[in-house]
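Novice: Just one file: target-v1.cif, with mmCIF, C-alpha atoms and all ligand atoms.
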```cif
data_coords
loop_
_atom_site.label_atom_id
_atom_site.label_comp_id
_atom_site.auth_asym_id
_atom_site.auth_seq_id
_atom_site.Cartn_x
_atom_site.Cartn_y
_atom_site.Cartn_z
CA MET A 1 12.90 0.46 -25.03
CA ASP A 2 9.42 -0.36 -26.21
CA ALA A 3 8.73 0.14 -29.89
CA ASP A 4 5.13 1.26 -29.42
CA THR A 5 4.20 4.83 -28.80
CA ILE A 6 1.35 4.91 -26.31
CA PHE A 7 -1.11 7.54 -25.14
CA ALA A 8 -3.80 7.90 -22.48
CA VAL A 9 -5.83 10.49 -20.68
CA ALA A 10 -4.09 10.78 -17.33
CA SER A 11 -6.66 12.97 -15.60
CA GLY A 12 -9.97 11.73 -14.22
CA ALA A 13 -12.80 10.50 -16.40
CA GLY A 14 -15.65 12.68 -17.56
CA HIS A 15 -16.32 16.24 -18.62
CA ALA A 16 -13.71 18.63 -17.19
CA ALA A 17 -12.22 22.06 -17.85
CA ILE A 18 -8.84 20.55 -18.65
CA ALA A 19 -7.83 16.96 -19.35
CA VAL A 20 -4.24 15.78 -19.41
CA MET A 21 -3.24 13.48 -22.28
CA ARG A 22 0.15 11.79 -22.13
CA LEU A 23 2.13 10.37 -24.98
CA SER A 24 5.26 8.23 -24.63
CA GLY A 25 7.45 6.22 -26.97
CA PRO A 26 9.93 6.55 -29.80
CA ASP A 27 7.57 8.37 -32.18
CA SER A 28 6.44 10.98 -29.68
CA ARG A 29 8.44 13.75 -31.28
CA ALA A 30 7.22 13.05 -34.79
CA MET A 31 3.63 12.76 -33.62
CA LEU A 32 3.91 15.99 -31.68
CA ALA A 33 5.25 17.74 -34.76
CA ALA A 34 2.48 16.27 -36.92
CA LEU A 35 -0.19 17.41 -34.46
CA CYS A 36 0.96 20.90 -33.62
CA GLY A 37 3.45 21.91 -36.28
CA ARG A 38 6.51 23.09 -34.40
CA VAL A 39 7.85 20.98 -31.53
CA PRO A 40 8.16 23.30 -28.51
CA ALA A 41 11.41 23.73 -26.57
CA PRO A 42 11.93 20.82 -24.13
CA ARG A 43 10.06 21.00 -20.82
CA ARG A 44 8.47 24.36 -21.69
CA VAL A 45 4.75 24.89 -21.74
CA SER A 46 3.65 26.26 -25.12
CA LEU A 47 0.25 27.14 -26.51
CA ARG A 48 -0.39 25.29 -29.76
CA ARG A 49 -3.18 24.75 -32.21
CA LEU A 50 -3.71 20.99 -32.55
CA ARG A 51 -4.97 20.82 -36.13
CA ASP A 52 -8.72 21.49 -36.12
CA VAL A 53 -9.25 19.69 -32.81
CA ASP A 54 -8.16 21.98 -30.00
CA GLN A 55 -6.01 24.83 -28.87
CA ALA A 56 -3.99 23.54 -25.96
CA MET A 57 -0.91 23.78 -23.79
CA VAL A 58 1.70 21.31 -24.92
CA VAL A 59 4.92 20.10 -23.29
CA TRP A 60 7.68 18.20 -25.06
CA LEU A 61 9.53 15.91 -22.61
CA PRO A 62 12.48 14.26 -24.35
CA GLY A 63 13.94 11.06 -22.91
CA PRO A 64 15.82 9.86 -21.00
CA GLY A 65 14.95 12.52 -18.42
CA SER A 66 11.19 12.00 -18.68
CA TYR A 67 8.88 10.03 -16.35
CA THR A 68 9.02 6.93 -18.55
CA GLY A 69 12.59 7.51 -19.65
CA GLU A 70 11.32 7.70 -23.25
CA ASP A 71 10.53 10.64 -25.48
CA SER A 72 7.18 11.88 -24.20
CA ALA A 73 4.73 14.71 -24.49
CA GLU A 74 1.83 16.04 -22.47
CA PHE A 75 -1.21 17.90 -23.73
CA TYR A 76 -3.46 19.98 -21.47
CA LEU A 77 -6.60 19.71 -23.55
CA HIS A 78 -10.06 21.13 -23.14
CA GLY A 79 -11.69 18.27 -21.28
CA GLY A 80 -14.70 17.42 -23.42
CA ARG A 81 -15.41 14.15 -25.16
CA SER A 82 -15.13 15.45 -28.71
CA VAL A 83 -11.74 17.06 -28.09
CA LEU A 84 -10.37 13.95 -26.36
CA ASN A 85 -11.69 11.64 -29.06
CA GLY A 86 -10.35 13.96 -31.75
CA VAL A 87 -6.81 13.94 -30.31
CA ALA A 88 -6.96 10.18 -29.67
CA ASP A 89 -8.09 9.54 -33.26
CA ALA A 90 -5.30 11.75 -34.60
CA LEU A 91 -2.71 9.91 -32.49
CA VAL A 92 -4.00 6.50 -33.58
CA ALA A 93 -3.87 7.67 -37.22
CA LEU A 94 -0.23 8.62 -36.59
CA GLY A 95 0.49 5.09 -35.31
CA ALA A 96 0.12 5.43 -31.52
CA ARG A 97 -1.98 3.05 -29.46
CA PRO A 98 -3.94 3.49 -26.21
CA ALA A 99 -1.91 2.62 -23.12
CA GLU A 100 -2.65 -0.31 -20.81
CA PRO A 101 -3.24 0.36 -17.10
CA GLY A 102 0.03 1.35 -15.45
CA GLU A 103 1.95 1.15 -18.71
CA PHE A 104 3.72 4.50 -18.29
CA THR A 105 4.97 3.49 -14.84
CA ARG A 106 5.86 0.03 -16.12
CA ARG A 107 8.04 1.64 -18.77
CA ALA A 108 9.54 3.90 -16.12
CA PHE A 109 10.49 0.77 -14.18
CA LEU A 110 11.79 -1.12 -17.22
CA ASN A 111 13.86 1.90 -18.25
CA GLY A 112 15.44 2.13 -14.81
CA ARG A 113 13.73 5.38 -13.83
CA MET A 114 12.43 3.78 -10.62
CA ASP A 115 12.63 0.48 -8.80
CA LEU A 116 9.60 -1.69 -8.16
CA THR A 117 9.00 -0.37 -4.63
CA GLU A 118 8.87 3.15 -6.07
CA ALA A 119 6.49 2.05 -8.82
CA GLU A 120 4.26 0.50 -6.16
CA ALA A 121 4.46 3.75 -4.21
CA VAL A 122 3.08 5.63 -7.24
CA HIS A 123 -0.01 3.44 -7.01
CA ASP A 124 -0.26 3.83 -3.24
CA LEU A 125 0.12 7.60 -3.44
CA ILE A 126 -2.79 7.81 -5.87
CA ALA A 127 -4.83 5.44 -3.69
CA ALA A 128 -3.96 7.24 -0.43
CA GLU A 129 -7.08 8.43 1.37
CA THR A 130 -5.48 9.95 4.43
CA GLU A 131 -2.46 12.00 5.37
CA ALA A 132 -0.70 9.11 7.12
CA GLN A 133 -1.11 6.87 4.05
CA ARG A 134 0.09 9.65 1.82
CA ARG A 135 3.20 10.24 3.93
CA GLN A 136 4.06 6.54 3.85
CA ALA A 137 3.59 6.33 0.07
CA LEU A 138 5.62 9.47 -0.51
CA ARG A 139 8.48 8.18 1.61
CA GLN A 140 8.48 4.96 -0.41
CA LEU A 141 8.30 6.95 -3.64
CA ASP A 142 11.38 8.87 -2.48
CA GLY A 143 13.13 5.49 -2.50
CA ALA A 144 13.43 4.92 1.27
CA LEU A 145 12.34 1.29 1.09
CA GLY A 146 14.35 0.50 -2.04
CA THR A 147 17.44 2.02 -0.40
CA LEU A 148 16.97 -0.17 2.67
CA TYR A 149 16.64 -3.36 0.60
CA ARG A 150 19.48 -2.46 -1.74
CA GLY A 151 21.67 -1.77 1.30
CA TRP A 152 21.06 -5.31 2.53
CA ALA A 153 21.68 -6.70 -0.94
CA GLU A 154 24.99 -4.82 -1.11
CA ARG A 155 26.14 -6.38 2.17
CA LEU A 156 25.07 -9.82 0.97
CA ARG A 157 27.08 -9.35 -2.20
CA LEU A 158 30.21 -8.66 -0.14
CA LEU A 159 29.66 -11.85 1.86
CA LEU A 160 29.06 -13.77 -1.34
CA ALA A 161 32.26 -12.43 -2.89
CA GLN A 162 34.17 -13.66 0.16
CA GLN A 163 32.66 -17.14 -0.14
CA GLU A 164 33.45 -17.25 -3.83
CA ALA A 165 37.05 -16.35 -3.09
CA LEU A 166 37.15 -19.28 -0.67
CA ILE A 167 35.80 -21.58 -3.36
CA ASP A 168 38.25 -20.32 -5.96
CA PHE A 169 41.29 -20.41 -3.70
CA PRO A 170 40.60 -23.23 -1.25
CA ASP A 171 44.23 -23.58 -0.28
CA GLU A 172 44.72 -19.99 0.77
CA ASP A 173 44.99 -19.70 4.49
CA LEU A 174 42.27 -17.43 5.68
CA PRO A 175 42.88 -15.57 8.88
CA PRO A 176 40.70 -17.29 11.52
CA GLU A 177 38.92 -14.06 12.41
CA VAL A 178 37.30 -13.99 8.95
CA GLU A 179 34.78 -16.69 9.82
CA GLY A 180 33.90 -14.72 12.95
CA GLN A 181 33.33 -11.57 10.88
CA VAL A 182 31.16 -13.46 8.40
CA GLN A 183 29.09 -14.90 11.25
CA ALA A 184 28.75 -11.47 12.86
CA GLU A 185 27.60 -9.87 9.61
CA LEU A 186 25.13 -12.70 8.95
CA ALA A 187 23.75 -12.32 12.47
CA ALA A 188 23.44 -8.54 12.05
CA LEU A 189 21.62 -8.89 8.74
CA ARG A 190 19.27 -11.51 10.12
CA GLN A 191 18.53 -9.37 13.14
CA GLU A 192 17.76 -6.30 10.99
CA MET A 193 15.49 -8.31 8.70
CA ALA A 194 13.73 -9.93 11.64
CA ALA A 195 13.07 -6.52 13.20
CA HIS A 196 11.74 -5.25 9.87
CA LEU A 197 9.48 -8.30 9.48
CA ASP A 198 8.31 -8.21 13.08
CA ASP A 199 6.88 -4.70 12.99
CA GLY A 200 3.31 -5.58 13.89
CA ARG A 201 2.46 -5.18 10.19
CA ARG A 202 2.44 -1.40 10.74
CA GLY A 203 3.13 -0.38 7.17
CA GLU A 204 0.78 -2.95 5.69
CA ARG A 205 -1.94 -1.99 8.17
CA LEU A 206 -1.61 1.68 7.29
CA ARG A 207 -1.64 0.90 3.60
CA GLU A 208 -4.69 -1.36 3.81
CA GLY A 209 -6.50 0.41 6.66
CA LEU A 210 -7.51 -1.01 10.04
CA VAL A 211 -10.59 -2.97 11.03
CA PHE A 212 -12.35 -2.15 14.32
CA ALA A 213 -15.23 -4.50 15.20
CA VAL A 214 -18.01 -3.30 17.49
CA THR A 215 -19.39 -6.15 19.59
CA GLY A 216 -21.53 -6.70 22.67
CA ALA A 217 -24.81 -8.08 23.90
CA PRO A 218 -28.00 -7.34 21.96
CA ASN A 219 -29.51 -3.89 22.36
CA VAL A 220 -26.55 -2.23 24.12
CA GLY A 221 -26.38 0.36 21.33
CA LYS A 222 -23.70 -0.98 18.99
CA SER A 223 -25.46 0.17 15.85
CA SER A 224 -26.25 3.53 17.44
CA LEU A 225 -22.57 3.94 18.29
CA VAL A 226 -21.41 3.03 14.77
CA ASN A 227 -23.88 5.51 13.29
CA ALA A 228 -22.67 8.20 15.71
CA LEU A 229 -18.98 7.56 14.96
CA ALA A 230 -19.58 7.44 11.21
CA GLU A 231 -21.91 10.46 11.42
CA ARG A 232 -24.12 8.59 8.99
CA ASP A 233 -27.15 6.39 9.24
CA VAL A 234 -25.35 3.15 8.43
CA ALA A 235 -27.22 0.59 10.51
CA ILE A 236 -30.81 0.09 11.57
CA VAL A 237 -31.36 0.95 15.23
CA SER A 238 -34.34 -0.40 17.13
CA ALA A 239 -35.41 -1.26 20.65
CA THR A 240 -35.83 -4.90 19.59
CA PRO A 241 -32.83 -6.96 20.68
CA GLY A 242 -31.32 -8.85 17.76
CA THR A 243 -31.89 -6.10 15.17
CA THR A 244 -28.51 -6.36 13.46
CA ARG A 245 -27.84 -9.65 11.70
CA ASP A 246 -25.30 -9.02 8.95
CA ALA A 247 -21.96 -7.46 9.76
CA LEU A 248 -22.15 -3.91 8.40
CA GLU A 249 -19.03 -2.01 7.38
CA THR A 250 -18.39 1.70 7.23
CA ARG A 251 -15.18 3.64 6.59
CA VAL A 252 -14.04 6.37 8.96
CA VAL A 253 -10.73 8.17 9.42
CA LEU A 254 -9.23 8.02 12.92
CA GLY A 255 -5.87 9.59 13.66
CA GLY A 256 -5.13 9.91 9.94
CA VAL A 257 -5.66 6.18 9.44
CA PRO A 258 -8.55 4.74 7.42
CA VAL A 259 -10.57 2.45 9.66
CA THR A 260 -13.38 0.10 8.70
CA LEU A 261 -15.89 0.04 11.55
CA VAL A 262 -17.82 -3.22 11.61
CA ASP A 263 -21.21 -3.26 13.31
CA THR A 264 -22.12 -6.79 14.35
CA ALA A 265 -25.03 -8.82 15.66
CA GLY A 266 -25.56 -8.79 19.44
CA LEU A 267 -23.85 -11.78 21.04
CA ARG A 268 -26.25 -14.21 22.70
CA ASP A 269 -27.38 -17.84 22.50
CA THR A 270 -30.34 -18.01 20.24
CA ALA A 271 -32.55 -20.61 18.62
CA ASP A 272 -33.18 -18.32 15.65
CA GLU A 273 -31.15 -19.72 12.79
CA ILE A 274 -30.56 -16.39 11.08
CA GLU A 275 -29.56 -14.63 14.27
CA ALA A 276 -27.24 -17.52 15.18
CA GLU A 277 -25.48 -17.06 11.85
CA GLY A 278 -25.19 -13.33 12.64
CA VAL A 279 -23.59 -14.18 16.00
CA ARG A 280 -21.18 -16.54 14.28
CA ARG A 281 -20.21 -13.80 11.83
CA ALA A 282 -19.85 -11.29 14.66
CA ARG A 283 -17.40 -13.60 16.44
CA ALA A 284 -15.44 -14.18 13.23
CA ARG A 285 -15.17 -10.45 12.53
CA ALA A 286 -14.08 -9.75 16.11
CA GLU A 287 -11.48 -12.50 15.82
CA ALA A 288 -9.93 -10.94 12.71
CA ALA A 289 -10.21 -7.29 13.78
CA ASP A 290 -7.29 -5.06 14.73
CA LEU A 291 -9.35 -3.79 17.68
CA VAL A 292 -12.60 -4.97 19.26
CA ILE A 293 -14.79 -2.25 20.71
CA ARG A 294 -16.84 -4.03 23.38
CA VAL A 295 -20.01 -2.15 24.16
CA VAL A 296 -21.90 -2.60 27.43
CA ASP A 297 -24.86 -0.72 28.82
CA ALA A 298 -24.46 -1.83 32.42
CA PRO A 299 -21.29 -1.85 34.51
CA GLU A 300 -20.95 -5.61 34.67
CA GLU A 301 -17.56 -5.74 32.99
CA SER A 302 -14.36 -3.85 33.45
CA GLY A 303 -10.93 -3.48 32.02
CA ASN A 304 -9.22 -2.87 28.71
CA ASP A 305 -6.74 -4.80 26.74
CA ALA A 306 -4.37 -4.32 23.87
CA ASP A 307 -6.84 -5.67 21.36
CA TRP A 308 -10.11 -4.61 22.90
CA MET A 309 -11.58 -1.49 24.38
CA LEU A 310 -14.56 -1.32 26.70
CA VAL A 311 -17.20 1.30 25.97
CA ALA A 312 -20.08 1.89 28.40
CA ASN A 313 -23.01 3.24 26.42
CA LYS A 314 -26.27 4.89 27.53
CA ARG A 315 -24.59 7.13 30.11
CA ASP A 316 -27.58 9.45 29.75
CA LEU A 317 -29.56 6.84 31.66
CA GLY A 318 -27.11 7.13 34.58
CA GLY A 319 -25.18 4.34 36.26
CA ALA A 320 -21.50 4.03 36.99
CA VAL A 321 -18.86 3.67 34.27
CA PRO A 322 -16.90 0.43 34.77
CA VAL A 323 -13.24 0.76 35.62
CA GLY A 324 -11.15 1.32 32.49
CA ALA A 325 -14.19 1.87 30.27
CA ILE A 326 -15.09 4.99 28.35
CA GLY A 327 -18.55 6.29 29.17
CA VAL A 328 -20.56 7.53 26.20
CA SER A 329 -24.08 8.12 25.07
CA ALA A 330 -24.69 7.37 21.43
CA LEU A 331 -28.00 9.15 21.89
CA THR A 332 -26.79 12.50 23.26
CA GLY A 333 -23.23 12.42 21.91
CA GLU A 334 -21.75 12.62 25.39
CA GLY A 335 -18.22 11.16 25.57
CA LEU A 336 -18.00 10.55 21.83
CA ASP A 337 -15.14 12.99 21.32
CA ALA A 338 -13.17 11.27 24.06
CA LEU A 339 -13.91 7.90 22.45
CA ARG A 340 -12.84 9.19 19.04
CA GLY A 341 -9.62 10.44 20.64
CA ARG A 342 -8.90 7.05 22.21
CA LEU A 343 -9.67 5.22 18.97
CA ALA A 344 -7.40 7.60 17.05
CA GLN A 345 -4.65 6.87 19.57
CA VAL A 346 -5.03 3.13 18.99
CA ALA A 347 -5.13 3.61 15.21
CA ARG A 348 -1.92 5.62 15.32
CA SER A 349 -0.14 3.25 17.68
CA LEU A 350 -0.97 0.33 15.38
CA THR A 351 0.41 2.04 12.30
CA GLU A 352 3.02 4.61 13.29
CA SER A 353 6.62 3.65 12.83
CA SER A 354 9.76 5.47 13.72
CA GLY A 355 13.17 4.68 12.30
CA PRO A 356 13.56 2.77 9.05
CA PRO A 357 10.63 2.74 6.66
CA PRO A 358 8.15 -0.04 7.40
CA LEU A 359 7.28 -3.02 5.26
CA THR A 360 4.25 -2.07 3.22
CA GLN A 361 3.27 -5.02 1.07
CA ALA A 362 2.61 -8.71 1.49
CA ARG A 363 4.72 -9.23 -1.65
CA HIS A 364 7.74 -7.72 0.12
CA ARG A 365 7.05 -9.73 3.27
CA VAL A 366 7.07 -13.04 1.37
CA ALA A 367 10.36 -12.19 -0.33
CA LEU A 368 11.97 -11.02 2.91
CA GLN A 369 10.91 -14.15 4.73
CA GLU A 370 12.55 -16.14 1.97
CA ALA A 371 15.72 -14.04 2.25
CA ALA A 372 15.77 -14.45 6.04
CA ALA A 373 15.34 -18.22 5.74
CA ARG A 374 18.24 -18.39 3.26
CA LEU A 375 20.42 -16.39 5.64
CA ALA A 376 19.60 -18.84 8.41
CA GLY A 377 20.81 -21.56 6.04
CA ALA A 378 23.97 -19.59 5.26
CA THR A 379 24.70 -19.26 8.97
CA THR A 380 24.79 -23.02 9.53
CA ALA A 381 26.25 -24.03 6.15
CA ASP A 382 29.60 -25.72 6.67
CA LEU A 383 30.92 -25.56 3.10
CA PRO A 384 31.64 -22.30 1.27
CA GLU A 385 29.78 -23.73 -1.76
CA LEU A 386 26.62 -24.26 0.27
CA ARG A 387 26.90 -20.92 1.99
CA ALA A 388 27.42 -19.17 -1.33
CA GLU A 389 24.31 -20.83 -2.72
CA ASP A 390 22.22 -19.67 0.25
CA LEU A 391 23.55 -16.14 -0.11
CA ARG A 392 22.75 -16.18 -3.81
CA LEU A 393 19.16 -17.26 -3.10
CA ALA A 394 18.81 -14.61 -0.38
CA LEU A 395 20.05 -11.97 -2.82
CA ARG A 396 17.61 -13.19 -5.42
CA ALA A 397 14.71 -12.89 -2.98
CA LEU A 398 15.75 -9.32 -2.10
CA GLY A 399 16.17 -8.48 -5.77
CA ARG A 400 12.60 -9.49 -6.46
CA ILE A 401 11.37 -6.75 -4.11
CA THR A 402 13.13 -3.92 -5.89
CA GLY A 403 12.77 -5.64 -9.27
CA SER A 404 16.46 -6.02 -10.01
CA VAL A 405 16.05 -9.75 -10.81
CA GLY A 406 13.46 -12.12 -12.24
CA VAL A 407 10.20 -10.24 -11.85
CA GLU A 408 8.73 -10.58 -15.38
CA ASP A 409 6.12 -12.98 -14.01
CA ILE A 410 4.68 -10.48 -11.54
CA LEU A 411 4.72 -7.32 -13.64
CA ASP A 412 1.38 -7.97 -15.33
CA THR A 413 -0.47 -8.44 -12.05
CA LEU A 414 1.36 -5.60 -10.38
CA PHE A 415 0.65 -2.98 -13.02
CA ALA A 416 -2.87 -4.16 -13.83
CA ARG A 417 -4.01 -2.52 -10.57
CA PHE A 418 -2.88 0.89 -11.82
CA CYS A 419 -4.99 3.56 -13.46
CA ILE A 420 -4.78 3.96 -17.20
CA GLY A 421 -2.60 6.98 -17.83
CA LYS A 422 -0.25 6.29 -14.90
N1 LIG A 501 -30.99 6.17 26.23
C1 LIG A 501 -30.20 5.68 25.32
N2 LIG A 501 -30.62 4.78 24.44
C2 LIG A 501 -29.78 4.32 23.52
C3 LIG A 501 -28.44 4.75 23.42
N3 LIG A 501 -27.85 4.08 22.41
C4 LIG A 501 -28.77 3.29 21.86
N4 LIG A 501 -29.95 3.40 22.52
C5 LIG A 501 -31.19 2.68 22.26
O1 LIG A 501 -30.97 1.32 22.51
C6 LIG A 501 -31.73 0.53 21.60
C7 LIG A 501 -30.83 -0.43 20.87
O2 LIG A 501 -29.93 0.30 20.06
P1 LIG A 501 -29.15 -0.38 18.87
O3 LIG A 501 -28.13 0.61 18.43
O4 LIG A 501 -30.06 -0.93 17.87
O5 LIG A 501 -28.44 -1.53 19.68
P2 LIG A 501 -27.57 -2.75 19.11
O6 LIG A 501 -26.54 -3.04 20.14
O7 LIG A 501 -27.10 -2.47 17.75
O8 LIG A 501 -28.63 -3.93 19.09
P3 LIG A 501 -28.65 -5.27 18.24
O9 LIG A 501 -28.34 -4.94 16.84
O10 LIG A 501 -30.02 -5.75 18.42
O11 LIG A 501 -27.65 -6.18 18.86
C8 LIG A 501 -32.42 1.51 20.66
O12 LIG A 501 -33.74 1.72 21.13
C9 LIG A 501 -31.60 2.77 20.81
O13 LIG A 501 -32.36 3.94 20.56
C10 LIG A 501 -28.01 5.71 24.38
O14 LIG A 501 -26.85 6.14 24.40
N5 LIG A 501 -28.92 6.14 25.29
MG MG A 502 -27.42 -3.41 16.00
#
```
Show this structure as structure tokens.

Specialist:
Amino acid sequence: MDADTIFAVASGAGHAAIAVMRLSGPDSRAMLAALCGRVPAPRRVSLRRLRDVDQAMVVWLPGPGSYTGEDSAEFYLHGGRSVLNGVADALVALGARPAEPGEFTRRAFLNGRMDLTEAEAVHDLIAAETEAQRRQALRQLDGALGTLYRGWAERLRLLLAQQEALIDFPDEDLPPEVEGQVQAELAALRQEMAAHLDDGRRGERLREGLVFAVTGAPNVGKSSLVNALAERDVAIVSATPGTTRDALETRVVLGGVPVTLVDTAGLRDTADEIEAEGVRRARARAEAADLVIRVVDAPEESGNDADWMLVANKRDLGGAVPVGAIGVSALTGEGLDALRGRLAQVARSLTESSGPPPLTQARHRVALQEAAARLAGATTADLPELRAEDLRLALRALGRITGSVGVEDILDTLFARFCIGK
């Protein structure tokens, strides 16, 4: 347990009707008593006079059943600057200090109230912009991912125990089917990890949001289309081909998934140095995008592909829609709902996952790849000592995901992303 008692405003910044102040640490009870006289009954909301600073609802949350696992308190204060400063000053005078970003959740992790995947889910839940992101974060907060990884670790520990028995009692005759069972379990574990790793980055994509790049020849109406989809005037539209130079980004929500739409420069060979740089950037953005929306204004192309979608713009001017393309008019709005529907479908299909919870973070992916590589080593190891060592390293890699082993080095970076007060 940490010796410091920390406090922070947990609600948003600025003037508000009510602001939530949290307090956590060994001196919470004494500080609560000093501030409001009588300590209220545990987990009951009570109205208290806080010296000459405020009259507020107060909750006493004794450890270990609190969020941080420590003795804690919450104050629902009147949300003005003078009140907040007054309570903060009083707490500092009583020996508390302001909390660092994520320090409450860090303590929750260190006190075993949650594993690291759950702590990360707290951050993701706060950061969630859409329903799909929120659902994923909530599932992770419920422990779904930690349970999956701990399940694998448990099975690895059994295998390791077997190998250690072999090392300790080398002369014991093992039934020959044991090696077959070990191999089968190793193969099963590797297969499950491979499937989890090879999920098209669904969970990570949902967490980070998708990128859809809008490309095509100059003047086909790319910028007009981006403006129409974003329902905002993001990009300059003009009849002059080569208007857009920089890649312009705008956030939209499609199918519950946050999507960055990137408007790009019209693709053509050009002697203009600035435009040529724009074309180069357009190609680079298209290359890295989750989906390329190829816009045409004449039916010279056809088809669709997994990573691009053909959109025929300027339908108001007539002309046939190429096979497989979606006909729209950025000018009149014709076909835009259908296009939105198709884009939402793609966004969902790139991020939806059924079955076990998806991998959500690059940090987890790196550790799992390490674990999978160690299991491959364990499969071919011909000595129990070598196999045991590979299993130990695989376990260690898995343990880093949930935070059960050796994660001190990453905690600072991990919790620095959090809000103060969480
Ligand atoms: N009639 C008609 N005109 C359109 C439509 N969409 C765009 N335009 C016009 O086409 C011209 C080019 O539109 P932009 O959106 O600037 O085209 P762009 O593809 O972004 O062009 P660059 O940035 O130069 O590559 C403008 O004059 C638009 O008003 C449409 O659906 N119908
Ligand atoms: Mg443009």

Novice: Rounded to one decimal in Å, what is the spacing between CA of Leu210 (chain A) and CA of Ala367 (chain A)?

Specialist: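 Pair CA of Leu210 (chain A) / CA of Ala367 (chain A) returns 23.5 Å.
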
Novice: As a quick test: using all atoms listed in the file, which residues lie no more than 10 Å away from ligand LIG 501 (chain A)? Give them as a ChimeraX atom specification.

Specialist: /A:214-228,235-247,263-268,275,278-279,295-297,312-318,327-334

Novice: Determine, counting only C-alpha atoms, which protein, DNA and RNA residues have an atom within 12 Å of an atom of Val182 (chain A); residues of the same chain fewer than 2 positions away are not included. Present the result as a ChimeraX atom specification.

Specialist: /A:155-156,158-163,175-180,184-189,375,378-381,384,387-388,391

Novice: Could you dump the residues just selected with C-alpha atoms as a PDB file, in the frame of the given file?

Specialist:
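File produced: out28.pdb:
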```pdb
ATOM      1  CA  ARG A 155      26.140  -6.380   2.170  1.00  0.00           C
ATOM      2  CA  LEU A 156      25.070  -9.820   0.970  1.00  0.00           C
ATOM      3  CA  LEU A 158      30.210  -8.660  -0.140  1.00  0.00           C
ATOM      4  CA  LEU A 159      29.660 -11.850   1.860  1.00  0.00           C
ATOM      5  CA  LEU A 160      29.060 -13.770  -1.340  1.00  0.00           C
ATOM      6  CA  ALA A 161      32.260 -12.430  -2.890  1.00  0.00           C
ATOM      7  CA  GLN A 162      34.170 -13.660   0.160  1.00  0.00           C
ATOM      8  CA  GLN A 163      32.660 -17.140  -0.140  1.00  0.00           C
ATOM      9  CA  PRO A 175      42.880 -15.570   8.880  1.00  0.00           C
ATOM     10  CA  PRO A 176      40.700 -17.290  11.520  1.00  0.00           C
ATOM     11  CA  GLU A 177      38.920 -14.060  12.410  1.00  0.00           C
ATOM     12  CA  VAL A 178      37.300 -13.990   8.950  1.00  0.00           C
ATOM     13  CA  GLU A 179      34.780 -16.690   9.820  1.00  0.00           C
ATOM     14  CA  GLY A 180      33.900 -14.720  12.950  1.00  0.00           C
ATOM     15  CA  ALA A 184      28.750 -11.470  12.860  1.00  0.00           C
ATOM     16  CA  GLU A 185      27.600  -9.870   9.610  1.00  0.00           C
ATOM     17  CA  LEU A 186      25.130 -12.700   8.950  1.00  0.00           C
ATOM     18  CA  ALA A 187      23.750 -12.320  12.470  1.00  0.00           C
ATOM     19  CA  ALA A 188      23.440  -8.540  12.050  1.00  0.00           C
ATOM     20  CA  LEU A 189      21.620  -8.890   8.740  1.00  0.00           C
ATOM     21  CA  LEU A 375      20.420 -16.390   5.640  1.00  0.00           C
ATOM     22  CA  ALA A 378      23.970 -19.590   5.260  1.00  0.00           C
ATOM     23  CA  THR A 379      24.700 -19.260   8.970  1.00  0.00           C
ATOM     24  CA  THR A 380      24.790 -23.020   9.530  1.00  0.00           C
ATOM     25  CA  ALA A 381      26.250 -24.030   6.150  1.00  0.00           C
ATOM     26  CA  PRO A 384      31.640 -22.300   1.270  1.00  0.00           C
ATOM     27  CA  ARG A 387      26.900 -20.920   1.990  1.00  0.00           C
ATOM     28  CA  ALA A 388      27.420 -19.170  -1.330  1.00  0.00           C
ATOM     29  CA  LEU A 391      23.550 -16.140  -0.110  1.00  0.00           C
TER      30      LEU A 391
END
```

Novice: Edge lengths and centre in Å to one decimal, as JSON, is what I'm after for the box along x, y and z that holds all listed atoms of region 82-92 of chain A once 8 Å is added on each side.

Specialist:
```
{"center_x": -8.9, "center_y": 11.8, "center_z": -30.5, "size_x": 28.4, "size_y": 26.6, "size_z": 24.2}
```

Novice: Given all atoms listed in the file as the basis, pick out the residue of A:Ile401, A:Leu138, A:Leu359, A:Ala282 nearest to ligand MG 502 (chain A).

Specialist: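 For ligand MG 502 (chain A), the nearest of the candidates is A:Ala282.
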
Novice: In Å, rounded to a single decimal, give me how far CA of Glu208 (chain A) is from CA of Asn111 (chain A).

Specialist: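 So the two atoms, CA of Asn111 (chain A) and CA of Glu208 (chain A), lie 29.0 Å apart.
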
Novice: Mind checking which residues fall within 7 Å of region 142-153 of chain A, counting all atoms listed in the file, ignoring those fewer than 4 positions away in the same chain, and posting them as a ChimeraX atom specification?

Specialist: /A:115,117-118,138,157,357,395,398,402

Novice: Smallest atom-to-atom distance to ligand MG 502 (chain A): which of A:Met57, A:Val262, A:Met193, A:Arg81, using all atoms listed in the file?

Specialist: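 Result for the nearest residue to ligand MG 502 (chain A): A:Val262.
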
Novice: Report, in Å to a single decimal, how far apart CA of Leu248 (chain A) and CA of Ala284 (chain A) are.

Specialist: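 Calculated distance between CA of Ala284 (chain A) and CA of Leu248 (chain A) is 13.2 Å.
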
Novice: If we count only C-alpha atoms, what is near Met21 (chain A) at a cut-off of 9 Å, once residues fewer than 4 positions away on the same chain are taken out, given as a ChimeraX atom specification?

Specialist: /A:7-11,73-77,84,87-88,421

Novice: For Arg29 (chain A), which residue out of A:Asp52, A:Glu231, A:Val58, A:Asp71 is the nearest one, using only C-alpha atoms?

Specialist: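 Ranking A:Asp52, A:Glu231, A:Val58, A:Asp71 by distance to Arg29 (chain A), first place goes to A:Asp71.
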